[in-house]
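What follows is the content of protein.csv, which has CSV, C-alpha atoms:
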```csv
chain,number,residue,atom,x,y,z
I,1,MET,CA,14.9,21.1,14.6
I,2,THR,CA,17.8,22.3,12.5
I,3,TYR,CA,19.2,20.0,9.7
I,4,GLN,CA,22.5,20.2,8.0
I,5,TYR,CA,21.3,19.1,4.5
I,6,LEU,CA,17.6,19.7,4.6
I,7,HIS,CA,15.3,22.7,4.9
I,8,LEU,CA,11.8,22.5,6.4
I,9,GLU,CA,9.1,25.1,6.0
I,10,LYS,CA,5.3,25.3,6.3
I,11,GLN,CA,3.0,27.2,4.1
I,12,ASN,CA,-0.6,27.0,5.5
I,13,ALA,CA,-1.4,23.3,5.6
I,14,ALA,CA,1.6,22.2,3.5
I,15,GLY,CA,4.9,21.0,5.0
I,16,ILE,CA,7.7,21.4,2.5
I,17,LEU,CA,10.9,19.3,2.8
I,18,ARG,CA,13.7,20.6,0.6
I,19,PHE,CA,16.8,18.6,-0.1
I,20,ASN,CA,19.7,21.1,0.5
I,21,ARG,CA,23.0,20.0,-1.0
I,22,PRO,CA,22.6,22.1,-4.2
I,23,GLU,CA,26.3,21.9,-5.0
I,24,THR,CA,25.9,18.1,-5.6
I,25,LEU,CA,22.4,18.3,-7.1
I,26,ASN,CA,21.1,17.2,-3.7
I,27,ALA,CA,22.9,13.9,-3.8
I,28,PHE,CA,22.7,12.2,-0.4
I,29,GLU,CA,25.5,10.8,1.7
I,30,ALA,CA,25.7,9.4,5.3
I,31,VAL,CA,24.5,12.5,7.2
I,32,MET,CA,21.8,13.6,4.8
I,33,VAL,CA,20.2,10.1,4.4
I,34,GLN,CA,20.0,9.9,8.2
I,35,GLU,CA,18.3,13.3,8.4
I,36,ILE,CA,15.5,12.6,5.9
I,37,PRO,CA,13.5,10.1,8.0
I,38,VAL,CA,13.8,12.4,11.1
I,39,ALA,CA,12.5,15.3,9.1
I,40,LEU,CA,9.7,13.3,7.6
I,41,ARG,CA,8.6,12.2,11.0
I,42,GLU,CA,8.6,15.8,12.1
I,43,LEU,CA,6.1,16.7,9.3
I,44,LEU,CA,4.0,13.5,9.7
I,45,THR,CA,3.4,14.1,13.4
I,46,ASP,CA,2.7,17.8,13.0
I,47,ASP,CA,-1.1,18.2,13.2
I,48,GLU,CA,-1.0,21.5,11.3
I,49,VAL,CA,0.5,19.8,8.3
I,50,ARG,CA,-2.1,18.1,6.1
I,51,VAL,CA,0.1,17.6,2.9
I,52,ILE,CA,3.8,17.1,2.4
I,53,ILE,CA,5.8,18.4,-0.6
I,54,LEU,CA,9.3,17.1,-1.4
I,55,THR,CA,11.5,19.2,-3.6
I,56,GLY,CA,15.1,20.3,-3.9
I,57,ASN,CA,17.1,23.5,-3.6
I,58,GLY,CA,19.1,24.6,-6.6
I,59,LYS,CA,19.1,22.9,-10.0
I,60,GLY,CA,18.4,19.3,-8.9
I,61,PHE,CA,15.7,17.4,-7.1
I,62,CYS,CA,17.9,14.6,-5.8
I,63,ALA,CA,20.8,13.0,-7.7
I,64,GLY,CA,20.6,9.8,-5.6
I,65,ALA,CA,23.6,8.7,-3.6
I,66,ASP,CA,26.7,10.9,-3.8
I,67,VAL,CA,29.0,9.2,-6.3
I,68,LYS,CA,32.1,10.3,-4.4
I,69,TYR,CA,30.7,8.7,-1.3
I,70,LEU,CA,29.8,5.5,-3.2
I,71,ASN,CA,33.3,5.4,-4.7
I,72,THR,CA,34.8,5.5,-1.2
I,73,LEU,CA,32.5,2.7,-0.1
I,74,VAL,CA,33.3,0.5,-3.1
I,75,THR,CA,37.1,1.2,-3.0
I,76,GLU,CA,37.2,0.4,0.7
I,77,LYS,CA,34.8,-2.5,0.3
I,78,ASP,CA,32.8,-1.0,3.2
I,79,LEU,CA,29.7,-3.2,2.8
I,80,GLU,CA,28.4,-2.2,6.2
I,81,ARG,CA,28.2,1.5,5.5
I,82,GLY,CA,26.8,0.7,2.1
I,83,LYS,CA,24.1,-1.4,3.6
I,84,VAL,CA,23.2,1.3,6.1
I,85,LEU,CA,22.9,3.8,3.2
I,86,VAL,CA,20.5,1.6,1.3
I,87,THR,CA,18.6,0.4,4.3
I,88,THR,CA,18.0,3.9,5.6
I,89,GLY,CA,17.0,5.1,2.1
I,90,SER,CA,14.6,2.1,2.0
I,91,GLU,CA,13.1,3.3,5.3
I,92,VAL,CA,12.4,6.7,3.8
I,93,VAL,CA,10.7,5.1,0.8
I,94,GLU,CA,8.5,3.1,3.0
I,95,MET,CA,7.6,6.1,5.1
I,96,ILE,CA,6.6,8.1,2.1
I,97,HIS,CA,4.6,5.3,0.5
I,98,SER,CA,2.7,4.4,3.7
I,99,ALA,CA,2.3,7.9,5.0
I,100,ASP,CA,-1.2,8.8,6.2
I,101,LYS,CA,-0.8,12.2,4.6
I,102,PRO,CA,-0.5,12.8,0.8
I,103,VAL,CA,3.1,13.3,-0.3
I,104,ILE,CA,3.7,15.3,-3.5
I,105,ALA,CA,7.0,15.3,-5.3
I,106,ALA,CA,7.8,18.6,-7.0
I,107,LEU,CA,10.7,17.8,-9.3
I,108,ASN,CA,12.6,21.1,-9.9
I,109,GLY,CA,15.5,19.3,-11.6
I,110,ALA,CA,17.1,16.0,-12.2
I,111,ALA,CA,15.9,13.0,-10.1
I,112,VAL,CA,18.5,10.3,-10.6
I,113,GLY,CA,18.9,6.8,-9.1
I,114,GLY,CA,17.7,6.7,-5.6
I,115,GLY,CA,16.4,10.3,-6.1
I,116,ALA,CA,14.0,8.9,-8.7
I,117,GLY,CA,13.0,6.2,-6.3
I,118,LEU,CA,12.0,8.9,-3.7
I,119,ALA,CA,9.9,10.6,-6.3
I,120,LEU,CA,8.1,7.5,-7.4
I,121,ALA,CA,7.2,6.7,-3.8
I,122,CYS,CA,5.2,9.9,-3.6
I,123,ALA,CA,1.4,9.8,-4.3
I,124,ILE,CA,1.6,12.5,-7.0
I,125,ARG,CA,4.4,14.0,-9.0
I,126,LEU,CA,4.8,17.4,-10.7
I,127,MET,CA,7.8,18.1,-12.9
I,128,ALA,CA,9.2,21.4,-14.1
I,129,GLN,CA,9.8,21.5,-17.8
I,130,SER,CA,13.6,21.4,-17.3
I,131,ALA,CA,13.4,18.5,-14.9
I,132,SER,CA,14.4,14.9,-15.8
I,133,LEU,CA,14.4,11.4,-14.5
I,134,SER,CA,17.0,8.6,-14.8
I,135,PHE,CA,17.4,5.2,-13.2
I,136,ALA,CA,21.1,5.5,-13.7
I,137,PHE,CA,22.3,2.7,-11.4
I,138,ILE,CA,23.6,0.5,-14.4
I,139,ARG,CA,25.8,3.4,-15.5
I,140,ILE,CA,27.9,2.9,-12.3
I,141,GLY,CA,27.6,-0.8,-12.1
I,142,LEU,CA,24.9,-0.9,-9.4
I,143,HIS,CA,21.5,-2.5,-9.0
I,144,PRO,CA,18.3,-0.3,-8.7
I,145,ASP,CA,17.3,0.4,-5.1
I,146,LEU,CA,15.0,2.7,-3.0
I,147,GLY,CA,11.9,1.0,-4.4
I,148,CYS,CA,12.6,1.5,-8.1
I,149,THR,CA,12.1,-2.2,-8.9
I,150,TYR,CA,8.7,-2.0,-7.2
I,151,PHE,CA,7.3,1.3,-8.5
I,152,LEU,CA,8.7,1.6,-12.0
I,153,PRO,CA,7.2,-1.7,-13.5
I,154,ARG,CA,3.8,-0.8,-12.0
I,155,LEU,CA,3.9,2.6,-13.6
I,156,VAL,CA,5.2,1.8,-17.0
I,157,GLY,CA,5.1,-2.0,-17.4
I,158,PRO,CA,7.9,-4.5,-17.3
I,159,ALA,CA,9.2,-4.0,-20.8
I,160,GLN,CA,9.6,-0.2,-20.4
I,161,ALA,CA,11.1,-0.7,-17.0
I,162,ALA,CA,13.7,-3.2,-18.3
I,163,GLU,CA,14.8,-0.6,-20.9
I,164,LEU,CA,15.0,2.2,-18.5
I,165,PHE,CA,16.9,0.1,-15.9
I,166,MET,CA,19.2,-1.5,-18.5
I,167,THR,CA,20.2,1.7,-20.3
I,168,GLY,CA,20.0,4.2,-17.5
I,169,ARG,CA,19.1,6.9,-20.0
I,170,MET,CA,17.8,10.3,-19.0
I,171,ILE,CA,14.1,10.9,-19.4
I,172,SER,CA,12.8,14.4,-20.1
I,173,ALA,CA,9.8,15.8,-18.3
I,174,HIS,CA,7.5,15.4,-21.3
I,175,GLU,CA,8.6,11.8,-21.9
I,176,ALA,CA,8.0,11.1,-18.2
I,177,LEU,CA,4.5,12.5,-18.7
I,178,ALA,CA,3.9,10.3,-21.8
I,179,LEU,CA,5.1,7.3,-19.8
I,180,GLY,CA,2.9,8.0,-16.8
I,181,LEU,CA,5.8,8.8,-14.5
I,182,THR,CA,4.5,12.3,-13.7
I,183,ASN,CA,1.0,13.8,-13.3
I,184,HIS,CA,1.8,17.2,-14.7
I,185,VAL,CA,4.6,19.1,-16.4
I,186,VAL,CA,4.7,22.9,-15.7
I,187,ALA,CA,6.8,25.9,-16.4
I,188,ASP,CA,9.8,26.0,-14.1
I,189,GLU,CA,8.7,29.2,-12.3
I,190,GLU,CA,5.2,27.6,-11.8
I,191,LEU,CA,6.4,24.4,-10.1
I,192,MET,CA,6.1,25.4,-6.5
I,193,PRO,CA,3.0,27.6,-7.0
I,194,GLN,CA,1.3,24.7,-8.7
I,195,ALA,CA,2.5,22.2,-6.0
I,196,LEU,CA,1.2,24.5,-3.3
I,197,THR,CA,-2.2,25.0,-5.0
I,198,LEU,CA,-2.5,21.2,-5.3
I,199,ALA,CA,-1.5,20.8,-1.6
I,200,ALA,CA,-4.1,23.3,-0.6
I,201,GLU,CA,-6.8,21.5,-2.6
I,202,LEU,CA,-5.9,18.2,-0.9
I,203,ALA,CA,-5.7,19.8,2.5
I,204,GLU,CA,-9.4,20.6,2.2
I,205,LYS,CA,-10.4,17.0,1.7
I,206,SER,CA,-11.2,14.4,4.4
I,207,PRO,CA,-7.9,13.1,5.9
I,208,LEU,CA,-9.6,9.7,6.5
I,209,ALA,CA,-10.8,9.4,2.9
I,210,LEU,CA,-7.4,10.4,1.6
I,211,ARG,CA,-5.7,7.8,3.8
I,212,LEU,CA,-8.1,5.0,2.7
I,213,ILE,CA,-7.7,5.9,-0.9
I,214,LYS,CA,-3.9,5.6,-0.6
I,215,LYS,CA,-4.3,2.2,1.1
I,216,GLY,CA,-6.6,1.0,-1.5
I,217,LEU,CA,-4.4,2.0,-4.4
I,218,GLN,CA,-1.4,0.4,-2.7
I,219,GLN,CA,-3.0,-3.0,-2.5
I,220,THR,CA,-5.0,-3.1,-5.7
I,221,PHE,CA,-2.4,-4.8,-7.9
I,222,GLU,CA,-2.0,-7.7,-5.3
I,223,GLN,CA,-5.7,-8.3,-4.7
I,224,ALA,CA,-8.5,-9.9,-6.6
I,225,LEU,CA,-11.7,-8.0,-7.3
I,226,ASP,CA,-13.6,-9.5,-4.4
I,227,ALA,CA,-10.9,-8.4,-2.0
I,228,MET,CA,-11.0,-4.9,-3.3
I,229,LEU,CA,-14.8,-4.8,-3.1
I,230,LYS,CA,-14.6,-5.8,0.5
I,231,PHE,CA,-12.0,-3.1,1.1
I,232,GLU,CA,-14.3,-0.6,-0.5
I,233,VAL,CA,-17.2,-1.6,1.8
I,234,TYR,CA,-14.8,-1.2,4.8
I,235,GLY,CA,-13.6,2.2,3.5
I,236,GLN,CA,-17.0,3.5,2.8
I,237,ALA,CA,-18.4,2.3,6.2
I,238,SER,CA,-15.4,4.1,7.9
I,239,CYS,CA,-16.2,7.3,6.1
I,240,PHE,CA,-19.9,7.1,6.7
I,241,ALA,CA,-19.2,7.0,10.4
I,242,SER,CA,-16.8,10.0,10.3
I,243,ILE,CA,-17.4,13.6,11.1
I,244,ASP,CA,-15.4,14.4,8.0
I,245,ALA,CA,-18.1,13.0,5.8
I,246,GLN,CA,-20.8,14.8,7.6
I,247,GLU,CA,-19.0,18.1,7.2
I,248,ALA,CA,-18.1,17.5,3.6
I,249,LEU,CA,-21.7,16.6,2.7
I,250,ARG,CA,-23.0,19.8,4.4
I,251,ARG,CA,-20.5,21.9,2.4
I,252,PHE,CA,-21.4,20.1,-0.8
I,253,GLU,CA,-25.1,20.7,-0.3
I,254,ALA,CA,-24.5,24.3,0.6
I,255,ALA,CA,-22.4,24.8,-2.5
I,256,GLN,CA,-25.0,23.2,-4.7
I,257,LYS,CA,-27.8,25.4,-3.3
I,258,ALA,CA,-25.7,28.5,-3.9
I,259,LYS,CA,-25.0,27.4,-7.4
I,260,ARG,CA,-28.7,26.9,-8.1
I,261,ARG,CA,-29.6,30.3,-6.7
I,262,ALA,CA,-26.9,31.9,-8.9
I,263,ASN,CA,-28.3,30.2,-12.0
I,264,ASN,CA,-31.9,31.3,-11.3
```
Target encoding structure tokens, full file:
Amino acid sequence: MTYQYLHLEKQNAAGILRFNRPETLNAFEAVMVQEIPVALRELLTDDEVRVIILTGNGKGFCAGADVKYLNTLVTEKDLERGKVLVTTGSEVVEMIHSADKPVIAALNGAAVGGGAGLALACAIRLMAQSASLSFAFIRIGLHPDLGCTYFLPRLVGPAQAAELFMTGRMISAHEALALGLTNHVVADEELMPQALTLAAELAEKSPLALRLIKKGLQQTFEQALDAMLKFEVYGQASCFASIDAQEALRRFEAAQKAKRRANN
């Protein structure tokens, strides 16, 4: 399918979704926000795609909702279109968070407002050295959305989240790393090669185990220890019964034997 403001491509087992409004730092408006869930479903239902990478074209990852579009909605008091914008964005966040496949955010530039929310919904985040994050809603008199009030306090704690929400200040890639908002900071030119290397590594792992790991991590903060222990038993039993585990164990044993032979 052809999209107006998105670009899809596949590299081996990785499906790459690029936001493609570079002249606005990939800020989304009515059309683009409707395209994103369609494109995500295309990648999620493609059996050849094992891992999804979200990134942006140009100098921005995603600047959130287009300020010109927001200004039109506020000026016209068009609450209905505003609600559709946020509701559709929320659907995208839920799709990313609950996806059976790992989703990696490769932040090539600024991720602002709802764009930061899309990044936080991903399982793993990589940031280019020149990239940045900002929960800038307060700077235009708006409330955080697209999952920011869910993900940010869980990643940095409520006090840090309060400061970042209430000031809307920009966070550099290295500060994001120190705060736990990104897994890695890499040189700008290494961002996509590193993201693709990570995607290739994950694509070799058991899809069932990856899916269960995601589910376990998503519920751990709401569950007591006994509930998580029960989930672990369920997860392990599911994996024990799978062909994935049989094949992975065979590969592991073969690699160990080869290593021992090489060392002798």
Hey, what's within 12 Å of stretch 68-83 of chain I if we count only C-alpha atoms and toss same-chain stuff fewer than 5 positions away? As a compact mmCIF listing (two decimals) with C-alpha atoms, in the frame of the given file, please?
```
# COMPACT_ATOMS: atom_id res chain seq x y z
CA THR I 24 25.90 18.10 -5.60
CA ALA I 27 22.90 13.90 -3.80
CA PHE I 28 22.70 12.20 -0.40
CA GLU I 29 25.50 10.80 1.70
CA ALA I 30 25.70 9.40 5.30
CA VAL I 31 24.50 12.50 7.20
CA MET I 32 21.80 13.60 4.80
CA VAL I 33 20.20 10.10 4.40
CA THR I 88 18.00 3.90 5.60
CA GLY I 89 17.00 5.10 2.10
CA SER I 90 14.60 2.10 2.00
CA PHE I 137 22.30 2.70 -11.40
CA ILE I 140 27.90 2.90 -12.30
CA GLY I 141 27.60 -0.80 -12.10
CA LEU I 142 24.90 -0.90 -9.40
CA ASP I 145 17.30 0.40 -5.10
CA LEU I 146 15.00 2.70 -3.00
```
(request) For I:Lys10, work out the shell of residues within 9 Å, counting only C-alpha atoms and skipping chain neighbours fewer than 5 positions away, then give it as an MDAnalysis selection string. (result) chainID I and resid 15:17 48:49
(request) Select, from I:Val51, I:Ala136, I:Leu8, I:Val86, the residue with the minimum atom-to-atom distance to I:Met166, counting only C-alpha atoms. (result) I:Ala136
(request) Rank nothing, just name the residue among I:Arg18, I:Lys59, I:His174, I:Lys205 nearest to I:Ala105, using all atoms listed in the file. (result)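 So, comparing all the options, the nearest one is I:Arg18.
Here atom CA of I:Asn26 and atom CA of I:Cys62 stand 4.6 Å from one another.
Distances from I:Cys148, I:Leu54, I:Cys122, I:Ile213 to I:Ser238 were compared using all atoms listed in the file, and the smallest one belongs to I:Ile213.
Of the listed residues I:Arg50, I:Arg21, I:Arg41, I:Lys214, the one whose atoms come nearest to I:Gly64 is I:Arg21, with distances taken using only C-alpha atoms.
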Distance query I:Ala110 at most 12 Å, all atoms listed in the file, self and fewer than 5 positions along chain excluded, as an mmCIF file with C-alpha atoms, in the frame of the given file:
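Contents of the output file out.cif:
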```
data_model
loop_
_atom_site.group_PDB
_atom_site.id
_atom_site.type_symbol
_atom_site.label_atom_id
_atom_site.label_comp_id
_atom_site.auth_asym_id
_atom_site.auth_seq_id
_atom_site.Cartn_x
_atom_site.Cartn_y
_atom_site.Cartn_z
ATOM 1 C CA PRO I 22 22.600 22.100 -4.200
ATOM 2 C CA THR I 24 25.900 18.100 -5.600
ATOM 3 C CA LEU I 25 22.400 18.300 -7.100
ATOM 4 C CA ASN I 26 21.100 17.200 -3.700
ATOM 5 C CA ALA I 27 22.900 13.900 -3.800
ATOM 6 C CA THR I 55 11.500 19.200 -3.600
ATOM 7 C CA GLY I 56 15.100 20.300 -3.900
ATOM 8 C CA ASN I 57 17.100 23.500 -3.600
ATOM 9 C CA GLY I 58 19.100 24.600 -6.600
ATOM 10 C CA LYS I 59 19.100 22.900 -10.000
ATOM 11 C CA GLY I 60 18.400 19.300 -8.900
ATOM 12 C CA PHE I 61 15.700 17.400 -7.100
ATOM 13 C CA CYS I 62 17.900 14.600 -5.800
ATOM 14 C CA ALA I 63 20.800 13.000 -7.700
ATOM 15 C CA GLY I 64 20.600 9.800 -5.600
ATOM 16 C CA GLY I 115 16.400 10.300 -6.100
ATOM 17 C CA ALA I 116 14.000 8.900 -8.700
ATOM 18 C CA ALA I 119 9.900 10.600 -6.300
ATOM 19 C CA MET I 127 7.800 18.100 -12.900
ATOM 20 C CA ALA I 128 9.200 21.400 -14.100
ATOM 21 C CA GLN I 129 9.800 21.500 -17.800
ATOM 22 C CA SER I 130 13.600 21.400 -17.300
ATOM 23 C CA ALA I 131 13.400 18.500 -14.900
ATOM 24 C CA SER I 132 14.400 14.900 -15.800
ATOM 25 C CA LEU I 133 14.400 11.400 -14.500
ATOM 26 C CA SER I 134 17.000 8.600 -14.800
ATOM 27 C CA PHE I 135 17.400 5.200 -13.200
ATOM 28 C CA ALA I 136 21.100 5.500 -13.700
ATOM 29 C CA MET I 170 17.800 10.300 -19.000
ATOM 30 C CA ILE I 171 14.100 10.900 -19.400
ATOM 31 C CA SER I 172 12.800 14.400 -20.100
ATOM 32 C CA ALA I 173 9.800 15.800 -18.300
ATOM 33 C CA ALA I 176 8.000 11.100 -18.200
#
```
(request) For each of I:Arg125, I:His7, I:Arg251, I:Lys101, take the minimum atom-to-atom distance to I:Gln194, counting only C-alpha atoms, then give the residue where this is smallest. (result) I:Arg125
(message) For a test of reading the model, state the distance in Å between atom CA of I:Val233 and atom CA of I:Arg211, rounded to one decimal.
(response) 15.0 Å
(request) Could you tell me which of I:Ile138, I:Ile36, I:Ala195, I:Ala245 comes closest to I:Met95 if we count all atoms listed in the file? (result)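 So, comparing all the options, the nearest one is I:Ile36.
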(message) Between atom CA of I:Val92 and atom CA of I:Leu179, what distance in Å does the model show, to one decimal?
(response)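 A separation of 24.7 Å between them.
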(message) List the spatial neighbours of I:Ala123 as a list in words - criterion: any atom at most 8 Å away, only C-alpha atoms, same-chain residues fewer than 3 positions off excluded.
(response) His97, Pro102, Val103, Ile104, Ala105, Leu120 and Lys214 of chain I
(message) Would you pick out the contacts of I:Gln219 at 12 Å or less, using all atoms listed in the file, so that residues sharing its chain but fewer than 5 positions from it are not included, and give the list as JSON, numbers by chain?
(response) {"I": [97, 98, 154, 212, 213, 214, 224, 225, 227, 228, 229, 231, 232]}
Next, dump the selected residues to file, keeping only C-alpha atoms, as a PDB file, keeping the file's coordinate frame.
```
ATOM      1  CA  HIS I  97       4.600   5.300   0.500  1.00  0.00           C
ATOM      2  CA  SER I  98       2.700   4.400   3.700  1.00  0.00           C
ATOM      3  CA  ARG I 154       3.800  -0.800 -12.000  1.00  0.00           C
ATOM      4  CA  LEU I 212      -8.100   5.000   2.700  1.00  0.00           C
ATOM      5  CA  ILE I 213      -7.700   5.900  -0.900  1.00  0.00           C
ATOM      6  CA  LYS I 214      -3.900   5.600  -0.600  1.00  0.00           C
ATOM      7  CA  ALA I 224      -8.500  -9.900  -6.600  1.00  0.00           C
ATOM      8  CA  LEU I 225     -11.700  -8.000  -7.300  1.00  0.00           C
ATOM      9  CA  ALA I 227     -10.900  -8.400  -2.000  1.00  0.00           C
ATOM     10  CA  MET I 228     -11.000  -4.900  -3.300  1.00  0.00           C
ATOM     11  CA  LEU I 229     -14.800  -4.800  -3.100  1.00  0.00           C
ATOM     12  CA  PHE I 231     -12.000  -3.100   1.100  1.00  0.00           C
ATOM     13  CA  GLU I 232     -14.300  -0.600  -0.500  1.00  0.00           C
TER      14      GLU I 232
END
```
